[in-house]
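Undergrad: Provided herewith: upload_14.cif, mmCIF, C-alpha atoms and all ligand atoms.
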data_upload
#
loop_
_atom_site.label_atom_id
_atom_site.label_comp_id
_atom_site.auth_asym_id
_atom_site.auth_seq_id
_atom_site.Cartn_x
_atom_site.Cartn_y
_atom_site.Cartn_z
CA MET A 1 14.70 43.46 -6.19
CA ILE A 2 13.94 42.62 -2.54
CA GLU A 3 10.23 42.58 -3.44
CA ARG A 4 10.93 40.09 -6.23
CA ILE A 5 12.89 37.78 -3.93
CA GLU A 6 10.01 37.89 -1.45
CA GLU A 7 7.44 37.08 -4.18
CA GLN A 8 9.59 34.18 -5.31
CA ARG A 9 9.82 32.91 -1.73
CA ILE A 10 6.03 33.01 -1.36
CA MET A 11 5.53 31.22 -4.70
CA LEU A 12 7.95 28.46 -3.64
CA ALA A 13 6.31 28.10 -0.23
CA ASN A 14 2.88 27.69 -1.88
CA LEU A 15 4.30 25.25 -4.40
CA LYS A 16 5.98 23.23 -1.65
CA ARG A 17 2.60 22.88 0.06
CA LEU A 18 0.95 21.79 -3.22
CA VAL A 19 3.69 19.22 -3.82
CA LYS A 20 3.31 17.80 -0.31
CA GLU A 21 -0.50 17.69 -0.32
CA LYS A 22 -1.38 16.83 -3.92
CA ILE A 23 1.55 16.01 -6.21
CA ALA A 24 3.70 13.67 -4.07
CA PRO A 25 0.76 11.47 -2.99
CA ALA A 26 -0.29 10.96 -6.64
CA ALA A 27 3.20 10.35 -8.08
CA ALA A 28 3.43 6.55 -7.73
CA GLU A 29 -0.09 5.94 -9.07
CA THR A 30 0.43 8.34 -11.99
CA ASP A 31 3.60 6.41 -12.86
CA ARG A 32 1.86 3.04 -12.50
CA SER A 33 -1.21 3.89 -14.56
CA GLY A 34 0.63 6.03 -17.13
CA GLU A 35 -2.41 8.28 -17.21
CA PHE A 36 -2.14 12.01 -17.71
CA ASN A 37 -3.03 13.71 -14.44
CA TRP A 38 -5.34 16.63 -15.26
CA GLU A 39 -5.86 17.37 -11.59
CA VAL A 40 -2.18 18.21 -11.14
CA VAL A 41 -2.37 20.40 -14.28
CA SER A 42 -5.29 22.27 -12.79
CA HIS A 43 -3.43 22.89 -9.50
CA LEU A 44 -0.38 24.18 -11.38
CA TRP A 45 -2.60 26.62 -13.33
CA ASP A 46 -4.24 27.81 -10.10
CA LEU A 47 -0.83 28.59 -8.64
CA GLY A 48 0.32 30.40 -11.79
CA ALA A 49 3.22 27.99 -12.31
CA LEU A 50 2.23 27.20 -15.91
CA LYS A 51 2.24 30.91 -16.82
CA ILE A 52 5.64 31.94 -15.47
CA MET A 53 7.33 32.55 -18.84
CA LEU A 54 4.41 34.54 -20.32
CA PRO A 55 4.92 38.31 -20.72
CA PRO A 56 4.05 40.11 -17.44
CA ASP A 57 1.07 41.87 -19.10
CA HIS A 58 -0.34 38.39 -19.81
CA ASP A 59 0.02 37.14 -16.23
CA GLY A 60 3.66 36.08 -16.53
CA TRP A 61 6.40 36.48 -13.92
CA PRO A 62 8.20 39.84 -14.05
CA GLY A 63 11.96 40.26 -13.73
CA ASN A 64 13.37 36.79 -13.17
CA PRO A 65 11.04 34.28 -14.86
CA SER A 66 13.66 31.72 -15.91
CA HIS A 67 15.19 31.55 -12.43
CA THR A 68 11.74 31.30 -10.82
CA LEU A 69 10.68 28.63 -13.32
CA CYS A 70 13.81 26.58 -12.53
CA LEU A 71 13.26 26.75 -8.77
CA CYS A 72 9.63 25.66 -9.23
CA ILE A 73 10.65 22.77 -11.51
CA GLU A 74 13.27 21.60 -9.01
CA GLU A 75 10.70 21.62 -6.20
CA VAL A 76 8.08 19.62 -8.14
CA SER A 77 10.64 17.20 -9.53
CA LYS A 78 11.76 16.15 -6.04
CA ALA A 79 8.39 14.36 -5.80
CA CYS A 80 7.20 13.82 -9.39
CA ALA A 81 9.36 14.44 -12.45
CA SER A 82 6.43 13.89 -14.85
CA SER A 83 4.59 16.81 -13.22
CA ALA A 84 7.72 18.97 -13.33
CA LEU A 85 8.03 18.30 -17.06
CA LEU A 86 4.65 20.02 -17.52
CA LEU A 87 6.29 23.28 -16.45
CA ILE A 88 9.19 22.79 -18.87
CA ILE A 89 7.15 21.98 -21.95
CA GLN A 90 4.76 24.86 -21.29
CA ALA A 91 7.73 27.22 -21.33
CA VAL A 92 9.48 25.53 -24.26
CA GLY A 93 6.32 25.38 -26.38
CA SER A 94 5.44 29.02 -25.83
CA TYR A 95 9.01 30.34 -26.27
CA PRO A 96 8.68 31.04 -30.04
CA LEU A 97 5.50 33.05 -29.41
CA ILE A 98 6.84 34.94 -26.39
CA PHE A 99 10.38 35.67 -27.57
CA ALA A 100 9.91 35.89 -31.35
CA GLY A 101 6.19 36.44 -31.91
CA ASN A 102 4.72 39.78 -32.97
CA GLU A 103 2.22 41.81 -30.95
CA ALA A 104 -0.80 40.51 -32.92
CA GLN A 105 0.27 36.89 -32.25
CA LYS A 106 0.82 37.59 -28.56
CA GLY A 107 -2.50 39.43 -28.37
CA LYS A 108 -4.31 36.41 -29.81
CA TYR A 109 -2.46 33.47 -28.26
CA CYS A 110 -1.22 34.63 -24.83
CA PRO A 111 -4.83 34.93 -23.54
CA MET A 112 -5.55 31.44 -24.90
CA ILE A 113 -2.72 30.18 -22.72
CA SER A 114 -3.27 32.41 -19.72
CA ALA A 115 -7.09 32.60 -19.53
CA GLU A 116 -8.23 29.52 -21.47
CA ARG A 117 -5.47 27.42 -19.90
CA LYS A 118 -4.28 25.81 -23.12
CA LEU A 119 -1.33 23.48 -22.75
CA MET A 120 1.53 23.82 -25.22
CA GLY A 121 3.31 21.29 -27.40
CA TYR A 122 6.66 21.76 -29.14
CA LEU A 123 6.84 19.92 -32.45
CA VAL A 124 10.44 19.80 -33.63
CA THR A 125 11.64 16.16 -33.52
CA GLU A 126 10.64 13.80 -36.33
CA PRO A 127 11.14 10.05 -36.82
CA GLY A 128 14.24 10.80 -38.94
CA ALA A 129 15.50 13.95 -37.17
CA GLY A 130 16.26 14.40 -33.47
CA SER A 131 19.72 15.74 -32.64
CA ASP A 132 20.11 16.96 -36.21
CA VAL A 133 17.35 19.59 -36.22
CA GLN A 134 18.27 20.78 -39.73
CA ALA A 135 17.32 17.33 -41.10
CA ILE A 136 13.57 17.77 -40.49
CA GLN A 137 11.29 16.98 -43.44
CA CYS A 138 8.00 18.60 -42.35
CA THR A 139 7.20 21.22 -44.99
CA ALA A 140 5.28 24.49 -45.02
CA ARG A 141 4.40 25.52 -48.57
CA ARG A 142 3.03 28.97 -49.31
CA SER A 143 -0.44 29.05 -50.88
CA GLY A 144 -1.76 32.59 -51.31
CA GLU A 145 -2.33 34.12 -47.85
CA ASN A 146 -1.73 30.76 -46.17
CA PHE A 147 0.85 28.02 -45.72
CA ILE A 148 0.09 24.31 -46.07
CA ILE A 149 1.92 22.13 -43.56
CA ASN A 150 2.65 18.44 -44.07
CA GLY A 151 4.75 16.20 -41.83
CA ARG A 152 4.98 13.77 -38.90
CA LYS A 153 6.32 14.97 -35.58
CA ALA A 154 7.66 12.43 -33.09
CA PHE A 155 8.03 12.35 -29.30
CA ALA A 156 5.92 15.45 -28.67
CA THR A 157 5.55 16.03 -24.93
CA ASN A 158 1.89 16.99 -24.31
CA GLY A 159 1.33 15.90 -27.95
CA SER A 160 -2.23 14.66 -27.46
CA VAL A 161 -3.25 16.95 -24.58
CA ALA A 162 -1.99 20.34 -25.83
CA GLY A 163 -4.32 22.94 -27.36
CA LEU A 164 -1.56 24.82 -29.18
CA TYR A 165 1.65 23.76 -30.89
CA SER A 166 4.83 25.48 -32.00
CA VAL A 167 5.74 23.60 -35.16
CA LEU A 168 9.14 23.75 -36.86
CA THR A 169 8.91 23.31 -40.63
CA LYS A 170 11.03 23.53 -43.75
CA THR A 171 10.09 26.53 -45.87
CA GLY A 172 13.04 26.18 -48.23
CA GLN A 173 16.03 23.96 -49.02
CA ARG A 174 17.95 24.97 -45.86
CA GLU A 175 15.35 27.30 -44.41
CA LEU A 176 13.40 26.48 -41.23
CA SER A 177 10.39 28.40 -39.90
CA PHE A 178 8.14 28.16 -36.84
CA PHE A 179 4.34 28.33 -37.00
CA ILE A 180 1.72 28.43 -34.28
CA VAL A 181 -0.82 25.70 -35.00
CA GLU A 182 -4.06 25.08 -33.15
CA ARG A 183 -4.77 21.48 -32.14
CA ASP A 184 -8.32 21.42 -33.52
CA TRP A 185 -7.45 22.67 -37.01
CA LYS A 186 -8.35 20.35 -39.89
CA GLY A 187 -5.52 17.98 -40.78
CA VAL A 188 -4.00 17.76 -37.28
CA SER A 189 -4.23 14.27 -35.78
CA ILE A 190 -2.54 12.18 -33.12
CA GLY A 191 -0.54 9.08 -33.99
CA ARG A 192 1.03 6.69 -31.52
CA ILE A 193 1.20 7.51 -27.82
CA GLU A 194 4.61 6.31 -26.60
CA ASP A 195 4.86 3.62 -23.91
CA LYS A 196 7.93 4.80 -22.01
CA CYS A 197 10.48 3.46 -19.52
CA GLY A 198 10.08 6.50 -17.29
CA PHE A 199 8.17 9.81 -17.15
CA ARG A 200 5.12 7.60 -17.48
CA GLY A 201 2.81 10.36 -16.26
CA SER A 202 3.97 12.61 -19.08
CA ASN A 203 2.11 12.44 -22.39
CA THR A 204 4.45 11.73 -25.34
CA ALA A 205 2.76 11.45 -28.72
CA GLU A 206 3.26 11.51 -32.43
CA VAL A 207 1.46 14.43 -34.09
CA ILE A 208 0.55 14.13 -37.76
CA LEU A 209 0.04 17.23 -39.92
CA GLU A 210 -1.73 16.56 -43.22
CA ASP A 211 -2.46 19.50 -45.51
CA VAL A 212 -2.97 21.78 -42.50
CA LEU A 213 -3.96 25.23 -43.73
CA VAL A 214 -2.18 27.80 -41.56
CA PRO A 215 -2.66 31.57 -42.02
CA SER A 216 0.59 33.38 -42.80
CA ALA A 217 -0.22 35.52 -39.73
CA ASN A 218 0.85 32.43 -37.72
CA LEU A 219 4.39 32.40 -39.12
CA VAL A 220 6.59 33.28 -36.12
CA SER A 221 9.13 36.02 -36.85
CA ALA A 222 10.39 36.04 -40.45
CA GLN A 223 10.54 33.06 -42.78
CA GLY A 224 13.86 31.25 -42.24
CA HIS A 225 14.28 32.32 -38.60
CA GLY A 226 13.15 28.95 -37.19
CA PHE A 227 16.56 27.42 -36.50
CA LYS A 228 17.72 30.52 -34.62
CA ILE A 229 14.54 30.51 -32.51
CA ALA A 230 14.94 26.79 -31.73
CA MET A 231 18.52 27.38 -30.56
CA GLY A 232 17.41 30.36 -28.43
CA ASP A 233 14.73 28.18 -26.85
CA PHE A 234 17.46 25.77 -25.70
CA ASP A 235 19.17 28.59 -23.79
CA MET A 236 16.00 28.84 -21.69
CA SER A 237 15.07 25.15 -21.56
CA ARG A 238 18.43 23.61 -20.69
CA PRO A 239 18.70 25.30 -17.26
CA ALA A 240 15.11 24.07 -16.73
CA VAL A 241 16.11 20.48 -17.55
CA ALA A 242 19.06 20.93 -15.18
CA ALA A 243 16.57 21.92 -12.46
CA LEU A 244 14.38 18.90 -13.25
CA SER A 245 17.46 16.67 -12.97
CA LEU A 246 18.52 18.19 -9.66
CA GLY A 247 15.03 17.70 -8.25
CA LEU A 248 15.18 14.02 -9.16
CA ALA A 249 18.60 13.62 -7.55
CA GLU A 250 17.50 15.46 -4.40
CA GLY A 251 14.28 13.45 -4.10
CA ALA A 252 16.26 10.21 -4.32
CA LEU A 253 18.96 11.41 -1.90
CA ASP A 254 16.46 12.62 0.72
CA TYR A 255 14.62 9.30 0.60
CA ALA A 256 17.84 7.27 0.81
CA ILE A 257 19.16 9.25 3.80
CA GLU A 258 15.98 8.54 5.74
CA TYR A 259 16.11 4.89 4.75
CA ALA A 260 19.79 4.57 5.73
CA ARG A 261 19.03 6.01 9.19
CA ASN A 262 16.43 3.33 9.85
CA ARG A 263 17.88 0.24 8.15
CA HIS A 264 20.38 -1.70 10.25
CA THR A 265 23.11 -4.08 9.07
CA PHE A 266 25.92 -5.61 11.13
CA GLY A 267 24.55 -4.06 14.30
CA LYS A 268 24.35 -0.42 13.23
CA PRO A 269 22.32 1.88 10.99
CA LEU A 270 23.36 1.79 7.32
CA ILE A 271 24.20 5.49 7.52
CA GLN A 272 26.98 4.71 10.02
CA HIS A 273 28.85 2.61 7.44
CA GLN A 274 31.51 4.70 5.77
CA ALA A 275 30.91 3.18 2.31
CA ILE A 276 27.30 4.36 2.46
CA GLN A 277 28.30 7.79 3.81
CA PHE A 278 30.66 8.21 0.84
CA LEU A 279 27.81 7.57 -1.62
CA LEU A 280 25.65 10.14 0.18
CA ALA A 281 28.52 12.64 0.41
CA ASP A 282 29.31 12.39 -3.32
CA ALA A 283 25.61 12.77 -4.20
CA SER A 284 25.18 15.83 -2.01
CA THR A 285 28.36 17.45 -3.36
CA SER A 286 27.31 16.93 -7.00
CA ILE A 287 23.84 18.34 -6.32
CA GLU A 288 25.26 21.51 -4.73
CA ALA A 289 27.74 21.94 -7.61
CA GLY A 290 24.94 21.40 -10.14
CA ARG A 291 22.73 23.94 -8.42
CA GLY A 292 25.44 26.57 -8.86
CA LEU A 293 25.57 25.90 -12.61
CA MET A 294 21.79 25.74 -13.00
CA GLU A 295 21.20 29.02 -11.15
CA ARG A 296 23.98 30.83 -13.02
CA ALA A 297 22.61 29.68 -16.38
CA ALA A 298 19.03 30.70 -15.51
CA ILE A 299 20.02 34.08 -14.05
CA ALA A 300 22.17 34.80 -17.13
CA PHE A 301 19.14 34.06 -19.35
CA ASP A 302 16.99 36.46 -17.31
CA SER A 303 19.64 39.19 -17.59
CA GLY A 304 19.80 38.84 -21.37
CA GLU A 305 23.40 37.58 -21.25
CA ARG A 306 24.47 34.98 -23.81
CA ASN A 307 24.31 31.74 -21.79
CA THR A 308 24.58 29.00 -24.43
CA LYS A 309 27.72 27.40 -22.96
CA LEU A 310 26.52 27.69 -19.34
CA ALA A 311 23.08 26.30 -20.25
CA SER A 312 24.67 23.25 -21.92
CA MET A 313 27.06 22.77 -19.00
CA ALA A 314 24.18 22.92 -16.53
CA LYS A 315 22.07 20.45 -18.53
CA LEU A 316 25.02 18.07 -19.02
CA PHE A 317 26.29 18.11 -15.44
CA CYS A 318 22.90 17.99 -13.70
CA SER A 319 21.47 15.22 -15.86
CA ASP A 320 24.60 13.09 -15.42
CA THR A 321 24.27 13.84 -11.69
CA ALA A 322 20.62 12.69 -11.71
CA MET A 323 21.56 9.40 -13.37
CA LYS A 324 24.55 8.77 -11.07
CA VAL A 325 22.74 9.78 -7.88
CA THR A 326 19.56 7.79 -8.56
CA THR A 327 21.68 4.73 -9.48
CA ASP A 328 23.70 5.08 -6.26
CA MET A 329 20.57 5.59 -4.16
CA VAL A 330 19.10 2.34 -5.56
CA GLN A 331 22.33 0.78 -4.22
CA VAL A 332 21.83 2.36 -0.78
CA LEU A 333 18.41 0.72 -0.54
CA GLY A 334 19.78 -2.61 -1.79
CA GLY A 335 17.06 -4.97 -3.05
CA TYR A 336 14.31 -2.59 -1.90
CA GLY A 337 15.67 0.08 -4.23
CA TYR A 338 14.76 -2.17 -7.13
CA ILE A 339 11.16 -2.67 -6.01
CA LYS A 340 8.29 -0.52 -7.25
CA ASP A 341 6.94 0.07 -3.73
CA TYR A 342 9.85 2.48 -3.20
CA PRO A 343 10.04 5.79 -5.13
CA ILE A 344 13.76 5.41 -5.93
CA GLU A 345 12.97 2.83 -8.61
CA ARG A 346 10.76 5.38 -10.43
CA MET A 347 13.31 8.17 -10.03
CA PHE A 348 16.04 5.90 -11.44
CA ARG A 349 13.90 5.25 -14.57
CA ASP A 350 12.95 8.92 -14.88
CA ALA A 351 16.56 10.11 -14.60
CA LYS A 352 17.63 8.45 -17.87
CA LEU A 353 15.52 10.76 -20.02
CA THR A 354 17.30 13.84 -18.68
CA GLN A 355 20.50 12.67 -20.45
CA ILE A 356 18.62 12.29 -23.74
CA PHE A 357 16.13 15.09 -24.39
CA GLU A 358 16.56 18.84 -24.97
CA GLY A 359 19.76 17.81 -26.77
CA ALA A 360 21.38 14.51 -25.76
CA ASN A 361 24.50 14.87 -23.63
CA GLN A 362 26.86 14.11 -26.53
CA ILE A 363 25.35 17.16 -28.24
CA GLN A 364 25.88 19.27 -25.08
CA ARG A 365 29.57 18.36 -25.13
CA MET A 366 29.76 19.32 -28.80
CA ILE A 367 28.16 22.71 -28.03
CA ILE A 368 30.45 23.40 -25.06
CA GLY A 369 33.48 22.46 -27.19
CA ARG A 370 32.29 24.61 -30.08
CA GLU A 371 31.68 27.60 -27.81
CA MET A 372 35.17 27.17 -26.32
CA SER A 373 36.79 27.02 -29.75
CA LYS A 374 35.31 30.41 -30.74
CA ALA A 375 37.83 33.21 -30.77
C1 LIG B 401 10.06 11.29 -23.51
C2 LIG B 401 10.55 12.20 -24.56
C3 LIG B 401 10.00 13.46 -24.70
C4 LIG B 401 10.41 14.29 -25.73
N1 LIG B 401 9.78 15.51 -25.93
C5 LIG B 401 10.02 16.20 -27.06
C6 LIG B 401 9.23 17.34 -27.40
O1 LIG B 401 8.34 17.75 -26.65
N2 LIG B 401 9.48 17.96 -28.59
C7 LIG B 401 10.46 17.55 -29.44
O2 LIG B 401 10.63 18.16 -30.49
N3 LIG B 401 11.25 16.49 -29.14
C8 LIG B 401 11.03 15.80 -27.98
N4 LIG B 401 11.79 14.69 -27.68
C9 LIG B 401 12.83 14.29 -28.62
C10 LIG B 401 14.23 14.42 -28.05
O3 LIG B 401 14.60 15.76 -27.97
C11 LIG B 401 15.17 13.58 -28.96
O4 LIG B 401 14.91 12.23 -28.66
C12 LIG B 401 16.63 13.93 -28.73
O5 LIG B 401 16.92 15.20 -29.23
C13 LIG B 401 17.56 12.90 -29.41
O6 LIG B 401 17.18 12.71 -30.73
P1 LIG B 401 16.98 11.21 -31.29
O7 LIG B 401 16.17 10.46 -30.30
O8 LIG B 401 16.49 11.29 -32.68
O9 LIG B 401 18.43 10.58 -31.27
P2 LIG B 401 19.54 10.71 -32.43
O10 LIG B 401 19.66 12.10 -32.91
O11 LIG B 401 19.31 9.65 -33.43
O12 LIG B 401 20.86 10.34 -31.60
C14 LIG B 401 21.10 9.03 -31.10
C15 LIG B 401 22.33 9.06 -30.20
O13 LIG B 401 23.47 9.45 -30.97
C16 LIG B 401 24.08 10.61 -30.38
N5 LIG B 401 24.55 11.47 -31.46
C17 LIG B 401 23.81 12.01 -32.46
N6 LIG B 401 24.59 12.76 -33.25
C18 LIG B 401 25.84 12.71 -32.75
C19 LIG B 401 27.09 13.30 -33.10
N7 LIG B 401 27.22 14.14 -34.12
N8 LIG B 401 28.18 13.00 -32.34
C20 LIG B 401 28.06 12.19 -31.26
N9 LIG B 401 26.92 11.61 -30.88
C21 LIG B 401 25.81 11.88 -31.60
C22 LIG B 401 23.00 11.27 -29.55
O14 LIG B 401 23.56 12.03 -28.49
C23 LIG B 401 22.21 10.07 -29.05
O15 LIG B 401 22.82 9.56 -27.89
C24 LIG B 401 11.43 13.87 -26.64
C25 LIG B 401 12.02 12.61 -26.46
C26 LIG B 401 11.57 11.77 -25.47
C27 LIG B 401 12.20 10.41 -25.35
#
Now, as a test, write the supplied structure out as structure tokens.
TA:
Amino acid sequence: MIERIEEQRIMLANLKRLVKEKIAPAAAETDRSGEFNWEVVSHLWDLGALKIMLPPDHDGWPGNPSHTLCLCIEEVSKACASSALLLIIQAVGSYPLIFAGNEAQKGKYCPMISAERKLMGYLVTEPGAGSDVQAIQCTARRSGENFIINGRKAFATNGSVAGLYSVLTKTGQRELSFFIVERDWKGVSIGRIEDKCGFRGSNTAEVILEDVLVPSANLVSAQGHGFKIAMGDFDMSRPAVAALSLGLAEGALDYAIEYARNRHTFGKPLIQHQAIQFLLADASTSIEAGRGLMERAAIAFDSGERNTKLASMAKLFCSDTAMKVTTDMVQVLGGYGYIKDYPIERMFRDAKLTQIFEGANQIQRMIIGREMSKA
């Protein structure tokens, strides 16, 4: 246990250095250009951060991967949320393989991720189905030893840069199933690349699947287990989105504190005005409260405890905190907070997504309520 804490500390120290030297300096330009930053991806591979959730015998993190992943995401997100999202989607996209895949699937695909450095995509959402996962229309039809997949997947993070996808399909009237699909298989193509308000350094694309022939060996778990796997994935991903949100809030707060020390109004530094101190105090308090929830949810996942309610609470509270804190920190900077030369403007735009994806916050409230109503 002590050894694990020490390894985690070393990982975070190395990551902190990478963020300071490479990720933070590139964040504003990545946001401005909207270009996918392969250099950052390469640094995150080198450090092992994109492999954390893999099984330990495939170079993954032993013992406490979810907690370690969350701490890494928080650290990166303080400087660049688009880069932090790389860590989340890598974990989310490989979850079906890692937690529900069989040994043959792991033996084939884990080395493709770990050694060949393939990025993952997670193809669940469709133009007509987001919150309501059961409403997806993408079909997988059995044809001898294969399945044939047809459908359009929307909003896929890493959609046009990933080498492997986890694809949720309909294999029956109310039966959903996951498949592992390789990007260069015939019939897989990229549609529109989304032009977004925030997370502009993250690739978000439509992925089109037209008569894609997929071996039945690529069906993850049993036919009809897809919905259960997707819900299990959320238990891992929602603490990670909470960590991303906290990083954004912390990045904005740290910048605003420094600014408020140096900016003077009415003969004293901004930070000496009580109204400004109250904004900073509320932000700091919410971040600390959110960290408690995020860490509890991630540690529960690592220990195999059912964490659905905690994971939703963490995602809900931390993303609302990110939106509130970044909005308030724009206010602390006044007009300068609204100008692109200052990172708060980017963080404010990035924060909004955290309330929408991995289950919008209305859905988190529904889940928390449903969990509470269970006997
Ligand atoms: C940048 C970005 C990246 C994304 N990455 C991925 C990805 O990698 N893979 C993937 O599969 N998806 C991805 N998504 C999709 C994302 O998860 C969905 O956008 C999200 O789940 C919401 O679905 P929707 O947009 O269809 O909204 P809808 O489901 O149409 O909902 C619209 C609004 O209504 C609310 N609402 C819906 N139903 C109810 C209800 N019953 N009661 C109360 N309110 C309700 C929602 O909370 C939301 O506010 C991404 C989205 C974005 C924007």
Undergrad: Could you please give me, as a list in words, the residues of protein, DNA or RNA lying at most 8 Å from (19.0, 14.9, -12.7) in the coordinate frame of the file, considering all atoms listed in the file?
TA: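 Residues found, by chain and rising number: Val241, Ala242, Ala243, Leu244, Ser245, Leu246, Gly247, Leu248, Ala249, Cys318, Ser319, Asp320, Thr321, Ala322, Met323, Val325, Ala351 and Thr354 of chain A.
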Undergrad: Using all atoms listed in the file, determine which residues fall within 6 Å of ligand LIG 401 (chain B), then list them as a PyMOL selection string.
TA: chain A and resi 122-125+129-132+155-157+204+356-363
Undergrad: Nearest residue to Ser82 (chain A) out of A:Ser166, A:Ser202, A:Gln137, A:Ser114, using all atoms listed in the file?
TA: A:Ser202
Undergrad: Counting only C-alpha atoms, what is within 6 Å of region 205-213 of chain A, bar same-chain residues fewer than 6 positions away, as a ChimeraX atom specification?
TA: /A:147-156,159,187-194
Undergrad: Kindly extract all protein, DNA and RNA residues lying within 9 Å of the coordinates (8.2, 9.1, -19.7) given in the file, considering all atoms listed in the file, and supply them as a ChimeraX atom specification.
TA: /A:31,34,82,194-204,349-350,353
Undergrad: Could you work out how far CA of Phe179 (chain A) lies from CA of Gln105 (chain A), giving the answer in Å with one decimal?
TA: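 Computed distance, CA of Gln105 (chain A) to CA of Phe179 (chain A), equals 10.6 Å.
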Undergrad: Ranking A:Arg142, A:Lys22, A:Arg4, A:Lys315 by minimum distance to Leu219 (chain A) and counting only C-alpha atoms, which one comes first?
TA: A:Arg142
Undergrad: Please determine, counting all atoms listed in the file, which residue among A:Ala100, A:Leu69, A:Met112, A:Leu270 has the shortest atom-to-atom distance to Glu258 (chain A).
TA: A:Leu270
Undergrad: Taking only C-alpha atoms into account, name the residue in A:Asn218, A:Ile344, A:Cys80, A:Ala104 that is nearest to Glu182 (chain A).
TA: A:Asn218
Undergrad: So the first atom is CA of Ala298 (chain A) and the second is CA of Ile5 (chain A); what is the distance between them in Å, to one decimal place?
TA: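 So the two atoms, CA of Ala298 (chain A) and CA of Ile5 (chain A), lie 14.9 Å apart.
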Undergrad: Using 10 Å as the limit and counting only C-alpha atoms, can you tabulate each residue of region 68-107 of chain A that touches region 42-46 of chain A, with its shortest atom-to-atom distance in Å and the two atoms involved, as JSON lines?
TA:
{"residue": "A:Ser83", "atom": "CA", "partner": "A:Leu44", "partner_atom": "CA", "distance": 9.1}
{"residue": "A:Ala84", "atom": "CA", "partner": "A:Leu44", "partner_atom": "CA", "distance": 9.8}
{"residue": "A:Leu86", "atom": "CA", "partner": "A:Leu44", "partner_atom": "CA", "distance": 9.0}
{"residue": "A:Leu87", "atom": "CA", "partner": "A:Leu44", "partner_atom": "CA", "distance": 8.4}
Undergrad: Please produce an output containing C-alpha atoms for each residue in the selection, written as an mmCIF file, in the frame of the given file.
TA:
data_model
loop_
_atom_site.group_PDB
_atom_site.id
_atom_site.type_symbol
_atom_site.label_atom_id
_atom_site.label_comp_id
_atom_site.auth_asym_id
_atom_site.auth_seq_id
_atom_site.Cartn_x
_atom_site.Cartn_y
_atom_site.Cartn_z
ATOM 1 C CA SER A 83 4.590 16.810 -13.220
ATOM 2 C CA ALA A 84 7.720 18.970 -13.330
ATOM 3 C CA LEU A 86 4.650 20.020 -17.520
ATOM 4 C CA LEU A 87 6.290 23.280 -16.450
#
Undergrad: Find the residue from A:Asp57, A:Glu145, A:Gly163, A:Ala256 that sits nearest to Ala281 (chain A); use only C-alpha atoms when measuring.
TA: A:Ala256
Undergrad: Env of Asp302 (chain A): 12 Å cut, atoms = all atoms listed in the file, seq-sep filter 2 positions within chain, self excluded. Answer as a ChimeraX atom specification.
TA: /A:53,61-70,235-236,239,295-300,304-307
Undergrad: Can you tell me, as a list in words, what residues are no more than 10 Å from Tyr255 (chain A) when counting all atoms listed in the file, ignoring any on the same chain fewer than 2 positions away?
TA: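 Everything that qualifies: Lys78, Glu250, Gly251, Ala252, Leu253, Ile257, Glu258, Tyr259, Ala260, Met329, Leu333, Tyr342, Pro343 and Ile344 of chain A.
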Undergrad: Go ahead and write the residues just picked, C-alpha atoms, as an mmCIF file, in the coordinates of the input.
TA:
data_model
loop_
_atom_site.group_PDB
_atom_site.id
_atom_site.type_symbol
_atom_site.label_atom_id
_atom_site.label_comp_id
_atom_site.auth_asym_id
_atom_site.auth_seq_id
_atom_site.Cartn_x
_atom_site.Cartn_y
_atom_site.Cartn_z
ATOM 1 C CA LYS A 78 11.760 16.150 -6.040
ATOM 2 C CA GLU A 250 17.500 15.460 -4.400
ATOM 3 C CA GLY A 251 14.280 13.450 -4.100
ATOM 4 C CA ALA A 252 16.260 10.210 -4.320
ATOM 5 C CA LEU A 253 18.960 11.410 -1.900
ATOM 6 C CA ILE A 257 19.160 9.250 3.800
ATOM 7 C CA GLU A 258 15.980 8.540 5.740
ATOM 8 C CA TYR A 259 16.110 4.890 4.750
ATOM 9 C CA ALA A 260 19.790 4.570 5.730
ATOM 10 C CA MET A 329 20.570 5.590 -4.160
ATOM 11 C CA LEU A 333 18.410 0.720 -0.540
ATOM 12 C CA TYR A 342 9.850 2.480 -3.200
ATOM 13 C CA PRO A 343 10.040 5.790 -5.130
ATOM 14 C CA ILE A 344 13.760 5.410 -5.930
#
Undergrad: One number please: CA of Arg346 (chain A) to CA of Gly128 (chain A), in Å, one decimal.
TA: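 Between these atoms lies a distance of 29.2 Å.
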Undergrad: Go through A:Ala230, A:Asn146, A:Gln8, A:Ala217 one by one, measure the shortest atom-to-atom distance of each to Ser177 (chain A) using only C-alpha atoms, and give the residue with the smallest value.
TA: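 Closest candidate: A:Ala230.
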Undergrad: Quick one: residues within 9 Å of Cys110 (chain A), only C-alpha atoms counted, chain neighbours fewer than 2 positions away excluded, as number ranges by chain?
TA: A: 54-55, 58, 94, 97-98, 105-108, 112-115
Undergrad: Just C-alpha atoms for this one: save the residues we selected as a compact mmCIF listing (two decimals), in the coordinates of the input.
TA:
# COMPACT_ATOMS: atom_id res chain seq x y z
CA LEU A 54 4.41 34.54 -20.32
CA PRO A 55 4.92 38.31 -20.72
CA HIS A 58 -0.34 38.39 -19.81
CA SER A 94 5.44 29.02 -25.83
CA LEU A 97 5.50 33.05 -29.41
CA ILE A 98 6.84 34.94 -26.39
CA GLN A 105 0.27 36.89 -32.25
CA LYS A 106 0.82 37.59 -28.56
CA GLY A 107 -2.50 39.43 -28.37
CA LYS A 108 -4.31 36.41 -29.81
CA MET A 112 -5.55 31.44 -24.90
CA ILE A 113 -2.72 30.18 -22.72
CA SER A 114 -3.27 32.41 -19.72
CA ALA A 115 -7.09 32.60 -19.53
